[in-house]
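Below is one structure, written out as structure tokens, with a few remarks after it.
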Amino acid sequence: MSRRMSSAVSLALAGGLAVTGAAAGAAPVAFAAPAVSAAGAGETPVGAQAWTRVSKKNPNRSYWNAAEDLRVGNEGGAQGLSRAYLRLDTTALKGATVSRATFRITNTGAASCTGRPVELWSVGAVSAQTTWKLQPAKGVRLATVTDAKGREGCASGDLEFDATALVKEAAAASQASVTVGLFASDESDSSAWKRFAPGTAQLETTIGRPVPPVISSPEFPDASNGVPAGTGKARTPGRFTFGTGGAGNIEKIVYWSDFDPREVTVAPGADAVITPAGSGPHTIYAYSLDKAGRRSDQAVYRFWALGNGGVRDAAGDLNGDGLRDLWTLDPDGRLRFSAGRADGTFAAPVDAGASFAPGSRIAAGGDWGEDGYNDLLVLETVPGPGAKQIRVFPNNGLGSVRPHDGMVLSALESDPVQGTDHWSDAQDIADAGDLGGDGEPDLLVKQGTKLWAYAGSRSGYLDMNGAPVLVGDGGWDGVSVLVPGDTDGDGATDLWVRDDTSGDLFAVRGTKDAAGRFDPTGWASAQRVKIGSGLGRTAYPTLVSAGDFDRDGLADLAAVGADGKTVWFRAAAAGIDATPRPVG
């Protein structure tokens, strides 16, 4: 791209730097420092390039922005030896990823048409005080050009010097300008002098995209060509390195994955600990940003995580560590995850990836997706019609849910009189575990005075494995129900019932029919034995979960208080202790 091109679009910037962009779709962008009008001696136009020369014959004289050609080399006679310096604006290049930079200037005169070498160097700063006695220090030689123009037989024309190294360094350091010097290679050769027009100086810079990151992991090697030997297991942390591919000027690297779409930023070349939630193939995506904010192409890293052999997580275990965990809703309806600890305490609640409307009810509802993970059930009001629905949100295996993969549960309506959709006006749901022993997750639906038991199905139809069972009609309003499992070891699932007004908590033993199968209708007639108190709905609007939190063999209780904070209550032989214990 030269300054003579007519198909480009130029935007003039303060400081005499023009940004030149190729037609739409072209990858590189070029920045050019165009010609600058010569000013009177001693004057420096605001934002313009600056130039000067120094003369050995006139060691104390300044030629700052002089309206004459720059002289380089030994002309002999009255002129003698001269050197030239130019300051070039690089403001627009700050932080950019420079792939090439060319310095051009028109050679207006030479001793002959026989080519003689002239060198371009990086030099220190120059000013109006620059003279032969006060010259800038030389840095490194950038380029040497052997040519001669500006005489009869060799018309004036541009000489081009490769300034890539200098401009790359300036862009990376966000320098506002660079200064270059022109020197004859042999300053004693009177046939090697040249003259240059300072107003034609141009710095053309090609800006490319940053290099995409290079991703690697010792625990989860690249699986582009198949499953590698020694690859790690799902839910096992792995160290992933986000290398720069040797590129400089990278400000940061941004990555995300197929199992966690949230963008995470890491430093160039840094490691990140990533835990694949599920087994099978996974993908990590990443891109680089240079210091000017330009984005690289996207890197794609494919790896494989081994499964757990089809073993399902225990009830209430939401992250696969064998401990009871909690899902709760904060006052704004945001789902929170609290990881259980072996000592009966919980880690501080963290965001679990979804939000629900006020009044929604949730339950950790067993494995509805056949991946071995316990999923989330949500009873919520459908906007518009006002009826309620139940959705299942898959657990990612680490305690967060995938909100965009929610599945609405349905009913086949096999009962023409009552139908089977008893949740459209229900008040609550509860995870029932596996009531029928068929390996499918079941649930309870509390509809006014009625309590229904559903044999769940991973097909998404709640009556696929049989019509819902009416546990009881009457007496189920004004109470909250939980299923702690088999608390007395008789092989039948038990129930906990809270009187919402008094705050008393009752245990209801499960029973079996004559064939030895569990019969949920037995809960309606079984005796209610008081095991706790002080748990009224006003103080604790939601009973969240039941399970053995402290691993002492007894089912404990958790609840969300009126202040939105989650607590749990330890079980003892005599019942539920009344002392609330904070979660996290």
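Naming scheme: A, B, ... for chains in displayed order of the structure tokens; residues 1 onward per chain; ligands 1 onward as shown.
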
DSSP on the backbone, then: every residue of segment 81-244 of chain A marked alpha helix (DSSP H), written as a VMD selection string.
chain A and resid 164 to 172

Can you build me a table of segment 294-318 of chain A residues sitting at most 10 Å from segment 206-225 of chain A, with the closest atom pair per residue and its distance in Å to one decimal, using only C-alpha atoms, sorted by chain and residue number, as CSV?
residue,atom,partner,partner_atom,distance
A:Arg294,CA,A:Arg209,CA,6.5
A:Arg295,CA,A:Arg209,CA,6.3
A:Ser296,CA,A:Pro210,CA,4.6
A:Asp297,CA,A:Pro212,CA,5.5
A:Gln298,CA,A:Pro212,CA,6.1
A:Ala299,CA,A:Pro212,CA,5.6
A:Val300,CA,A:Ile215,CA,8.2
A:Tyr301,CA,A:Ile215,CA,6.4
A:Arg302,CA,A:Ala223,CA,5.5
A:Phe303,CA,A:Ala223,CA,4.5
A:Trp304,CA,A:Ala223,CA,6.2
A:Ala305,CA,A:Phe220,CA,7.2
A:Leu306,CA,A:Phe220,CA,9.9

Dump N, CA and C atoms for the selected residues as a PDB file, in the first residue's frame?
ATOM      1  N   ARG A 294      -7.193  -4.950  19.404  1.00  0.00           N
ATOM      2  CA  ARG A 294      -7.519  -5.725  18.221  1.00  0.00           C
ATOM      3  C   ARG A 294      -7.571  -7.202  18.576  1.00  0.00           C
ATOM      4  N   ARG A 295      -8.558  -7.867  17.987  1.00  0.00           N
ATOM      5  CA  ARG A 295      -8.852  -9.262  18.347  1.00  0.00           C
ATOM      6  C   ARG A 295      -8.299 -10.227  17.307  1.00  0.00           C
ATOM      7  N   SER A 296      -7.743 -11.313  17.777  1.00  0.00           N
ATOM      8  CA  SER A 296      -7.199 -12.337  16.885  1.00  0.00           C
ATOM      9  C   SER A 296      -8.310 -13.235  16.365  1.00  0.00           C
ATOM     10  N   ASP A 297      -7.947 -14.107  15.445  1.00  0.00           N
ATOM     11  CA  ASP A 297      -8.851 -15.186  15.071  1.00  0.00           C
ATOM     12  C   ASP A 297      -9.051 -16.099  16.282  1.00  0.00           C
ATOM     13  N   GLN A 298     -10.078 -16.897  16.216  1.00  0.00           N
ATOM     14  CA  GLN A 298     -10.438 -17.751  17.353  1.00  0.00           C
ATOM     15  C   GLN A 298      -9.661 -19.063  17.323  1.00  0.00           C
ATOM     16  N   ALA A 299      -9.119 -19.417  18.470  1.00  0.00           N
ATOM     17  CA  ALA A 299      -8.461 -20.712  18.624  1.00  0.00           C
ATOM     18  C   ALA A 299      -9.480 -21.719  19.142  1.00  0.00           C
ATOM     19  N   VAL A 300      -9.371 -22.958  18.688  1.00  0.00           N
ATOM     20  CA  VAL A 300     -10.277 -24.029  19.106  1.00  0.00           C
ATOM     21  C   VAL A 300      -9.435 -25.191  19.613  1.00  0.00           C
ATOM     22  N   TYR A 301      -9.716 -25.619  20.834  1.00  0.00           N
ATOM     23  CA  TYR A 301      -8.973 -26.722  21.437  1.00  0.00           C
ATOM     24  C   TYR A 301      -9.967 -27.808  21.840  1.00  0.00           C
ATOM     25  N   ARG A 302      -9.798 -28.987  21.286  1.00  0.00           N
ATOM     26  CA  ARG A 302     -10.708 -30.104  21.566  1.00  0.00           C
ATOM     27  C   ARG A 302     -10.005 -31.121  22.459  1.00  0.00           C
ATOM     28  N   PHE A 303     -10.734 -31.567  23.473  1.00  0.00           N
ATOM     29  CA  PHE A 303     -10.185 -32.588  24.372  1.00  0.00           C
ATOM     30  C   PHE A 303     -11.300 -33.528  24.808  1.00  0.00           C
ATOM     31  N   TRP A 304     -10.927 -34.578  25.502  1.00  0.00           N
ATOM     32  CA  TRP A 304     -11.870 -35.618  25.903  1.00  0.00           C
ATOM     33  C   TRP A 304     -11.748 -35.838  27.404  1.00  0.00           C
ATOM     34  N   ALA A 305     -12.890 -35.974  28.064  1.00  0.00           N
ATOM     35  CA  ALA A 305     -12.911 -36.299  29.494  1.00  0.00           C
ATOM     36  C   ALA A 305     -13.576 -37.654  29.679  1.00  0.00           C
ATOM     37  N   LEU A 306     -12.933 -38.513  30.433  1.00  0.00           N
ATOM     38  CA  LEU A 306     -13.488 -39.848  30.687  1.00  0.00           C
ATOM     39  C   LEU A 306     -14.658 -39.757  31.653  1.00  0.00           C
TER      40      LEU A 306
END

In segment 173-400 of chain A, what's strand (DSSP E or B) per DSSP? Answer as a count of residues only?
101

Might you pull out every residue within 10 Å of Ala348 of chain A, with only C-alpha atoms counted and same-chain residues fewer than 2 positions away left off, and present them as a PyMOL selection string?
chain A and resi 336-340+345-346+350+582-584

Let me see the file: selected residues, all heavy atoms, as a CSV table (one decimal), in the first residue's frame.
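That gives us part.csv:
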chain,number,residue,atom,x,y,z
A,336,ARG,N,-28.5,-20.2,43.7
A,336,ARG,CA,-27.2,-20.3,44.4
A,336,ARG,C,-26.9,-21.7,44.8
A,336,ARG,O,-27.7,-22.5,45.1
A,336,ARG,CB,-27.3,-19.4,45.7
A,336,ARG,CG,-27.8,-18.0,45.5
A,336,ARG,CD,-26.8,-17.1,44.8
A,336,ARG,NE,-25.7,-16.7,45.8
A,336,ARG,CZ,-24.6,-16.1,45.4
A,336,ARG,NH1,-24.4,-15.8,44.1
A,336,ARG,NH2,-23.7,-15.7,46.3
A,337,PHE,N,-25.6,-22.0,44.7
A,337,PHE,CA,-25.1,-23.4,45.0
A,337,PHE,C,-24.2,-23.3,46.2
A,337,PHE,O,-23.2,-22.5,46.3
A,337,PHE,CB,-24.3,-24.0,43.8
A,337,PHE,CG,-23.5,-25.2,44.1
A,337,PHE,CD1,-24.2,-26.4,44.4
A,337,PHE,CD2,-22.1,-25.2,44.1
A,337,PHE,CE1,-23.4,-27.5,44.7
A,337,PHE,CE2,-21.4,-26.3,44.4
A,337,PHE,CZ,-22.0,-27.5,44.7
A,338,SER,N,-24.4,-24.2,47.2
A,338,SER,CA,-23.6,-24.3,48.4
A,338,SER,C,-23.0,-25.7,48.4
A,338,SER,O,-23.8,-26.7,48.6
A,338,SER,CB,-24.4,-24.0,49.7
A,338,SER,OG,-24.9,-22.7,49.6
A,339,ALA,N,-21.7,-25.8,48.3
A,339,ALA,CA,-21.1,-27.2,48.3
A,339,ALA,C,-20.9,-27.7,49.8
A,339,ALA,O,-20.5,-26.9,50.6
A,339,ALA,CB,-19.7,-27.1,47.7
A,340,GLY,N,-21.3,-28.9,50.0
A,340,GLY,CA,-21.2,-29.5,51.3
A,340,GLY,C,-19.8,-29.8,51.7
A,340,GLY,O,-19.0,-30.1,50.8
A,345,THR,N,-20.5,-28.5,57.5
A,345,THR,CA,-20.6,-27.1,57.1
A,345,THR,C,-20.7,-27.1,55.6
A,345,THR,O,-20.6,-28.1,54.8
A,345,THR,CB,-19.5,-26.3,57.6
A,345,THR,OG1,-18.3,-26.7,57.0
A,345,THR,CG2,-19.4,-26.4,59.1
A,346,PHE,N,-20.9,-25.8,55.1
A,346,PHE,CA,-21.1,-25.6,53.6
A,346,PHE,C,-20.1,-24.5,53.2
A,346,PHE,O,-19.9,-23.5,54.0
A,346,PHE,CB,-22.5,-25.3,53.3
A,346,PHE,CG,-23.5,-26.4,53.5
A,346,PHE,CD1,-24.1,-26.6,54.7
A,346,PHE,CD2,-23.8,-27.3,52.4
A,346,PHE,CE1,-25.0,-27.6,54.9
A,346,PHE,CE2,-24.7,-28.3,52.6
A,346,PHE,CZ,-25.3,-28.5,53.9
A,350,VAL,N,-22.4,-19.8,45.9
A,350,VAL,CA,-21.9,-19.1,44.7
A,350,VAL,C,-23.0,-19.2,43.6
A,350,VAL,O,-24.0,-19.9,43.7
A,350,VAL,CB,-20.7,-19.9,44.1
A,350,VAL,CG1,-19.5,-19.7,45.1
A,350,VAL,CG2,-21.0,-21.3,43.8
A,582,PRO,N,-25.6,-21.6,60.1
A,582,PRO,CA,-25.5,-20.9,58.8
A,582,PRO,C,-24.9,-21.8,57.8
A,582,PRO,O,-24.1,-22.7,58.0
A,582,PRO,CB,-24.6,-19.7,59.2
A,582,PRO,CG,-23.8,-20.2,60.3
A,582,PRO,CD,-24.7,-21.0,61.1
A,583,VAL,N,-25.3,-21.6,56.5
A,583,VAL,CA,-24.8,-22.2,55.4
A,583,VAL,C,-23.7,-21.3,54.8
A,583,VAL,O,-24.0,-20.2,54.4
A,583,VAL,CB,-25.8,-22.6,54.3
A,583,VAL,CG1,-25.2,-23.0,53.0
A,583,VAL,CG2,-26.8,-23.6,54.9
A,584,GLY,N,-22.5,-21.7,54.8
A,584,GLY,CA,-21.4,-20.9,54.3
A,584,GLY,C,-21.0,-19.9,55.3
A,584,GLY,O,-20.3,-18.9,54.9

Contacts of Gly77 of chain A within 12 Å, only C-alpha atoms, excl. fewer than 3 positions in-chain, as a PyMOL selection string:
chain A and resi 56-57+74+80-81+190
